[in-house]
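Asker: Just so it is clear, I am handing over work-v2.cif, which has mmCIF, C-alpha atoms.
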data_start
#
loop_
_atom_site.label_atom_id
_atom_site.label_comp_id
_atom_site.auth_asym_id
_atom_site.auth_seq_id
_atom_site.Cartn_x
_atom_site.Cartn_y
_atom_site.Cartn_z
CA MET A 1 0.00 0.00 0.00
CA LYS A 2 1.36 3.41 -0.97
CA ILE A 3 0.30 6.96 -0.15
CA LYS A 4 1.50 9.93 -2.16
CA PRO A 5 0.46 13.53 -2.88
CA ALA A 6 -1.80 14.19 -5.87
CA GLY A 7 -1.51 17.89 -6.55
CA ASP A 8 -1.79 20.45 -3.76
CA SER A 9 -5.16 19.35 -2.34
CA ALA A 10 -5.35 15.57 -2.59
CA LEU A 11 -3.55 12.35 -1.80
CA LEU A 12 -3.69 9.04 -3.59
CA ILE A 13 -3.75 5.69 -1.79
CA SER A 14 -2.72 2.73 -3.95
CA PHE A 15 -3.75 -0.73 -2.70
CA GLY A 16 -2.08 -2.65 -5.54
CA GLU A 17 -2.06 -3.04 -9.28
CA LEU A 18 -4.64 -5.79 -9.77
CA ILE A 19 -8.35 -5.61 -10.58
CA ASP A 20 -9.37 -7.81 -7.70
CA GLU A 21 -12.57 -8.08 -5.64
CA GLU A 22 -10.74 -8.29 -2.30
CA ILE A 23 -8.58 -5.26 -3.09
CA ASN A 24 -11.60 -3.28 -4.28
CA GLY A 25 -13.40 -4.21 -1.08
CA ARG A 26 -10.55 -2.69 0.92
CA VAL A 27 -10.69 0.46 -1.22
CA HIS A 28 -14.36 0.98 -0.38
CA ALA A 29 -13.97 0.00 3.27
CA VAL A 30 -11.30 2.67 3.73
CA ALA A 31 -13.37 5.18 1.75
CA ARG A 32 -16.32 4.56 4.02
CA ALA A 33 -14.15 4.84 7.14
CA ILE A 34 -12.81 8.21 5.95
CA GLU A 35 -16.30 9.51 5.19
CA GLU A 36 -17.63 8.36 8.56
CA ALA A 37 -14.72 9.98 10.45
CA GLY A 38 -16.29 13.41 9.90
CA PHE A 39 -13.12 15.31 8.99
CA GLU A 40 -13.96 18.99 8.53
CA TRP A 41 -11.26 19.32 5.89
CA LEU A 42 -12.57 16.46 3.72
CA VAL A 43 -13.92 17.50 0.30
CA GLU A 44 -14.55 14.07 -1.24
CA VAL A 45 -13.22 10.55 -1.66
CA VAL A 46 -13.03 9.02 -5.12
CA PRO A 47 -12.60 5.22 -5.27
CA ALA A 48 -11.32 3.34 -8.31
CA TYR A 49 -10.44 -0.31 -8.98
CA SER A 50 -7.44 -0.45 -6.65
CA SER A 51 -6.85 3.12 -5.52
CA LEU A 52 -8.53 5.88 -3.56
CA LEU A 53 -8.22 9.62 -4.11
CA VAL A 54 -8.80 11.74 -1.01
CA VAL A 55 -9.48 15.42 -1.75
CA TYR A 56 -9.07 17.89 1.12
CA ASP A 57 -9.21 21.63 1.77
CA PRO A 58 -5.59 22.85 1.91
CA ILE A 59 -6.70 26.06 3.63
CA ARG A 60 -7.87 24.06 6.64
CA VAL A 61 -5.23 21.37 6.89
CA ALA A 62 -1.69 20.47 5.85
CA TYR A 63 -0.88 17.41 3.77
CA THR A 64 1.11 15.80 6.59
CA GLU A 65 -1.90 16.00 8.92
CA VAL A 66 -4.15 14.40 6.31
CA GLU A 67 -1.67 11.60 5.69
CA SER A 68 -1.35 10.89 9.43
CA ALA A 69 -5.14 10.80 9.87
CA ILE A 70 -5.63 8.51 6.87
CA LYS A 71 -2.96 6.05 8.03
CA LEU A 72 -4.99 5.40 11.18
CA LEU A 73 -7.92 4.20 9.03
CA LEU A 74 -6.11 1.92 6.59
CA ASN A 75 -6.99 -1.22 8.54
CA ALA A 76 -10.72 -0.80 7.96
CA LYS A 77 -12.18 -4.22 7.25
CA ALA A 78 -13.78 -5.02 3.91
CA LYS A 79 -15.72 -8.07 5.10
CA ASP A 80 -18.95 -6.15 5.68
CA PHE A 81 -18.78 -4.21 2.44
CA GLU A 82 -21.22 -6.02 0.18
CA GLY A 83 -23.99 -4.20 -1.59
CA ARG A 84 -27.33 -5.29 -2.94
CA LEU A 85 -27.98 -7.82 -5.66
CA VAL A 86 -29.59 -5.90 -8.52
CA GLU A 87 -31.14 -7.67 -11.50
CA VAL A 88 -30.70 -5.67 -14.70
CA PRO A 89 -32.93 -6.71 -17.62
CA VAL A 90 -31.18 -6.47 -21.01
CA VAL A 91 -32.36 -6.92 -24.57
CA TYR A 92 -29.34 -8.17 -26.49
CA GLY A 93 -28.42 -7.56 -30.13
CA GLY A 94 -30.30 -5.88 -32.96
CA GLN A 95 -30.64 -2.10 -32.77
CA TYR A 96 -30.01 -2.34 -29.03
CA GLY A 97 -26.67 -4.12 -29.32
CA PRO A 98 -25.21 -3.30 -32.75
CA ASP A 99 -21.74 -4.68 -31.91
CA ILE A 100 -22.75 -8.08 -30.58
CA GLU A 101 -22.01 -9.80 -33.90
CA PHE A 102 -18.52 -8.28 -33.91
CA VAL A 103 -17.92 -9.51 -30.37
CA ALA A 104 -19.08 -12.99 -31.37
CA GLU A 105 -16.96 -13.14 -34.52
CA HIS A 106 -13.92 -11.64 -32.78
CA ASN A 107 -14.00 -14.47 -30.26
CA GLY A 108 -15.07 -17.33 -32.53
CA LEU A 109 -18.49 -17.56 -30.89
CA THR A 110 -22.14 -17.29 -31.86
CA VAL A 111 -24.34 -14.40 -30.78
CA ASP A 112 -26.24 -16.80 -28.50
CA ASP A 113 -22.92 -17.77 -26.92
CA VAL A 114 -22.14 -14.11 -26.17
CA VAL A 115 -25.55 -13.59 -24.56
CA GLU A 116 -25.22 -16.73 -22.46
CA ILE A 117 -21.66 -15.97 -21.35
CA HIS A 118 -22.34 -12.30 -20.60
CA SER A 119 -25.52 -12.94 -18.61
CA ARG A 120 -24.16 -15.86 -16.58
CA PRO A 121 -21.93 -14.19 -13.91
CA VAL A 122 -22.87 -12.03 -10.98
CA TYR A 123 -20.81 -8.87 -11.51
CA ARG A 124 -19.45 -6.48 -8.91
CA VAL A 125 -19.74 -2.70 -9.24
CA TYR A 126 -16.10 -1.76 -8.71
CA PHE A 127 -16.64 1.97 -9.01
CA LEU A 128 -18.63 4.70 -10.77
CA GLY A 129 -16.93 7.04 -13.18
CA PHE A 130 -16.73 8.64 -16.65
CA LEU A 131 -20.39 9.74 -16.36
CA PRO A 132 -22.69 10.10 -13.34
CA GLY A 133 -23.68 6.53 -12.53
CA PHE A 134 -21.51 4.80 -15.15
CA SER A 135 -20.77 1.46 -13.52
CA TYR A 136 -17.50 -0.37 -14.14
CA LEU A 137 -18.32 -4.03 -13.54
CA GLY A 138 -15.82 -6.71 -12.59
CA GLY A 139 -16.13 -10.41 -13.29
CA MET A 140 -16.64 -10.57 -17.05
CA ASP A 141 -15.58 -13.79 -18.78
CA GLU A 142 -12.47 -13.22 -20.92
CA ARG A 143 -14.00 -15.29 -23.71
CA ILE A 144 -16.10 -12.29 -24.79
CA ALA A 145 -13.43 -9.60 -24.41
CA ALA A 146 -13.30 -7.18 -27.34
CA PRO A 147 -11.40 -4.00 -28.26
CA ARG A 148 -12.96 -0.55 -28.13
CA LEU A 149 -14.16 1.09 -31.32
CA GLU A 150 -11.42 2.82 -33.29
CA ARG A 151 -13.68 5.86 -33.55
CA PRO A 152 -16.16 6.42 -30.69
CA ARG A 153 -19.83 6.95 -31.44
CA LEU A 154 -21.12 10.50 -30.94
CA LYS A 155 -24.32 9.21 -29.32
CA VAL A 156 -24.71 6.09 -27.22
CA PRO A 157 -28.27 5.64 -25.86
CA ALA A 158 -28.84 5.62 -22.11
CA GLY A 159 -28.91 2.07 -20.77
CA SER A 160 -26.54 0.66 -23.38
CA VAL A 161 -24.48 -2.28 -22.16
CA GLY A 162 -20.96 -2.34 -23.54
CA ILE A 163 -17.69 -4.23 -23.56
CA ALA A 164 -14.22 -2.67 -23.65
CA GLY A 165 -11.30 -5.06 -23.37
CA ARG A 166 -12.08 -7.32 -20.42
CA GLN A 167 -14.54 -4.88 -18.85
CA THR A 168 -18.28 -4.48 -19.14
CA GLY A 169 -20.38 -1.51 -18.10
CA ILE A 170 -23.65 0.34 -18.57
CA TYR A 171 -24.08 3.86 -19.98
CA PRO A 172 -26.46 5.72 -17.63
CA LEU A 173 -26.98 8.69 -19.95
CA GLU A 174 -26.91 9.37 -23.67
CA SER A 175 -23.31 10.31 -24.40
CA PRO A 176 -20.40 9.73 -26.76
CA GLY A 177 -18.70 6.39 -26.19
CA GLY A 178 -16.32 3.86 -27.66
CA TRP A 179 -17.33 0.61 -26.00
CA ARG A 180 -18.73 -2.28 -28.05
CA LEU A 181 -22.49 -2.25 -27.53
CA ILE A 182 -24.09 -5.66 -27.06
CA GLY A 183 -27.45 -4.75 -25.54
CA ARG A 184 -29.51 -2.22 -23.64
CA THR A 185 -31.40 -2.09 -20.37
CA PRO A 186 -34.67 -0.17 -20.02
CA LEU A 187 -33.86 0.73 -16.42
CA ARG A 188 -33.20 4.35 -15.54
CA LEU A 189 -29.72 4.25 -14.03
CA PHE A 190 -29.37 7.96 -13.26
CA ASP A 191 -32.18 10.18 -11.98
CA PRO A 192 -31.10 13.49 -10.39
CA SER A 193 -34.49 13.82 -8.68
CA LYS A 194 -33.77 10.78 -6.49
CA GLU A 195 -31.43 10.27 -3.55
CA PRO A 196 -29.11 8.67 -4.31
CA PRO A 197 -29.43 9.62 -7.99
CA THR A 198 -27.68 6.48 -9.23
CA LEU A 199 -29.41 3.09 -9.26
CA LEU A 200 -26.16 1.15 -8.81
CA GLN A 201 -23.67 1.83 -6.04
CA PRO A 202 -20.06 0.65 -5.58
CA GLY A 203 -20.08 -2.81 -4.02
CA ASP A 204 -23.46 -3.76 -5.46
CA ARG A 205 -23.72 -7.02 -7.36
CA VAL A 206 -25.34 -7.07 -10.80
CA LYS A 207 -27.07 -9.94 -12.59
CA PHE A 208 -28.00 -9.35 -16.22
CA VAL A 209 -31.32 -10.94 -17.21
CA PRO A 210 -32.01 -11.38 -20.95
CA ILE A 211 -35.41 -10.05 -22.09
CA ASP A 212 -37.10 -9.62 -25.46
CA GLU A 213 -37.96 -6.38 -27.22
CA SER A 214 -41.60 -6.28 -26.05
CA GLU A 215 -40.49 -6.63 -22.42
CA PHE A 216 -37.91 -3.90 -22.99
CA LYS A 217 -40.55 -1.47 -24.27
CA GLU A 218 -42.93 -2.25 -21.42
CA ILE A 219 -40.28 -1.67 -18.72
CA TYR A 220 -38.98 1.42 -20.53
CA GLN A 221 -42.46 2.96 -20.45
CA GLU A 222 -42.68 2.35 -16.71
CA GLU A 223 -39.19 3.71 -15.99
CA TRP A 224 -39.13 6.73 -18.23
CA GLY A 225 -42.82 7.62 -18.52
CA GLU A 226 -42.68 7.59 -22.29
CA GLY A 227 -42.59 5.10 -25.13
CA ILE A 228 -39.69 4.22 -27.37
CA ASP A 229 -39.65 3.34 -31.07
#
How does the structure come out when it is put into structure tokens?

Answerer:
Amino acid sequence: MKIKPAGDSALLISFGELIDEEINGRVHAVARAIEEAGFEWLVEVVPAYSSLLVVYDPIRVAYTEVESAIKLLLNAKAKDFEGRLVEVPVVYGGQYGPDIEFVAEHNGLTVDDVVEIHSRPVYRVYFLGFLPGFSYLGGMDERIAAPRLERPRLKVPAGSVGIAGRQTGIYPLESPGGWRLIGRTPLRLFDPSKEPPTLLQPGDRVKFVPIDESEFKEIYQEEWGEGID
């Protein structure tokens, strides 16, 4: 474990180099311990796969004081850090997953194989980033790994499920994006009128459930209050 300055108002704690569930659990356990400590100088904590950025107010506190305070919390236990199990319905392929055939061909599989392999595991939300509520999910089978697009799309629909390398994730909002799209969920993953505004939280477990297009449209109507073509 290493601690080092990150600019003049933050420090970075590195727990290792691996994308690992145990390491990520420690990241979030320490993040929670820092948040619960009630430091007046704390601005925010930003967890990633195996690191934690702690942003502080340099007017209120010196770096050395922050480092000393953080070191006292590094033994926070990860054993109790397990979120909810969230089932995420997904319609795979077609207009909802335009890259699924590429993913299948790239890996010498059929489209049905990709759907079966992708929807089999229970994934872990390692962290949120890129966009509000964009979930980076760990646990994807390497057999369906695929490279990013050479040129990102200008518009990726909200709810799109993508693959980039050996990662999978869900776009919570319409945005540009370069991940390979294999499906789409009708769930509303980010709603600023709710608290918390994001459906998925770090530490949650995600199970993708294949659905058909009619089911997608029905759930979409319920979630968004409007139909979809």

Asker: Taking into account all atoms listed in the file, which residue in the set A:Phe102, A:Phe216, A:Tyr126, A:Tyr96 is nearest to A:Gly138?

Answerer: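 That would be A:Tyr126, the residue with the smallest distance to A:Gly138.
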
Asker: Looking at A:Pro176, A:Glu101, A:Thr64, A:Pro89, which one is nearest to A:Tyr220, with distances taken over all atoms listed in the file?

Answerer: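 Among the listed residues, the smallest separation from A:Tyr220 belongs to A:Pro89.
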
Asker: Specify as a PyMOL selection string each residue included when the PyMOL selection byres ((chain A and resi 47) around 12) is applied to this file.

Answerer: chain A and resi 12-15+23-32+34-35+44-46+48-55+125-129+136+201-203

Asker: The PyMOL selection byres ((chain A and resi 209) around 7) - which residues does that actually catch in the file I just gave you? List them as an MDAnalysis selection string.

Answerer: chainID A and resid 87:90 119 207:208 210:211

Asker: Keeping only C-alpha atoms, write the selected residues to a file as a PDB file, in the frame of the given file.

Answerer:
ATOM      1  CA  GLU A  87     -31.140  -7.670 -11.500  1.00  0.00           C
ATOM      2  CA  VAL A  88     -30.700  -5.670 -14.700  1.00  0.00           C
ATOM      3  CA  PRO A  89     -32.930  -6.710 -17.620  1.00  0.00           C
ATOM      4  CA  VAL A  90     -31.180  -6.470 -21.010  1.00  0.00           C
ATOM      5  CA  SER A 119     -25.520 -12.940 -18.610  1.00  0.00           C
ATOM      6  CA  LYS A 207     -27.070  -9.940 -12.590  1.00  0.00           C
ATOM      7  CA  PHE A 208     -28.000  -9.350 -16.220  1.00  0.00           C
ATOM      8  CA  PRO A 210     -32.010 -11.380 -20.950  1.00  0.00           C
ATOM      9  CA  ILE A 211     -35.410 -10.050 -22.090  1.00  0.00           C
TER      10      ILE A 211
END

Asker: Would you kindly return, as a PyMOL selection string, each protein, DNA or RNA residue with an atom no farther than 12 Å from any atom of A:Glu218, considering all atoms listed in the file and excluding same-chain residues fewer than 3 positions away?

Answerer: chain A and resi 89+91+185-187+211-215+221-229

Asker: Work out how far atom CA of A:Leu42 is from atom CA of A:Ser9, in Å to one decimal.

Answerer: 10.0 Å

Asker: Give as an NGL selection string the residues that the PyMOL selection byres ((chain A and resi 103) around 12) matches when applied to the coordinates above.

Answerer: :A and (93 or 97-102 or 104-115 or 117-118 or 142-149 or 162-166 or 179-183)

Asker: Calculated over only C-alpha atoms, which of the candidates A:Glu22, A:Ile70, A:Pro132, A:Leu137 has the smallest distance to A:Pro196?

Answerer: A:Pro132

Asker: Report the centre and edge lengths, in Å to one decimal, of an axis-aligned box enclosing every atom of stretch 160-173 of chain A listed in the file, padded by 3 Å on each side, as AutoDock Vina command-line options.

Answerer:
--center_x -19.1 --center_y 0.7 --center_z -20.6 --size_x 21.7 --size_y 22.0 --size_z 12.0

Asker: Check the smallest atom-to-atom distance from each of A:Ala37, A:Ile219, A:Leu18, A:Ala10 to A:Ala62 using all atoms listed in the file, then report the winner.

Answerer: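 Of the candidates, the smallest distance to A:Ala62 is held by A:Ala10.
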
Asker: Go ahead and compute the interatomic distance for atom CA of A:Pro172 and atom CA of A:Arg120, in Å to one decimal.

Answerer: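 Pair atom CA of A:Pro172 / atom CA of A:Arg120 returns 21.7 Å.
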
Asker: Which of these, A:Val43, A:Tyr171, A:Arg124, A:Pro192, has the shortest distance to A:Ile59 once you count all atoms listed in the file?

Answerer: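 Closest to A:Ile59, using all atoms listed in the file: A:Val43.
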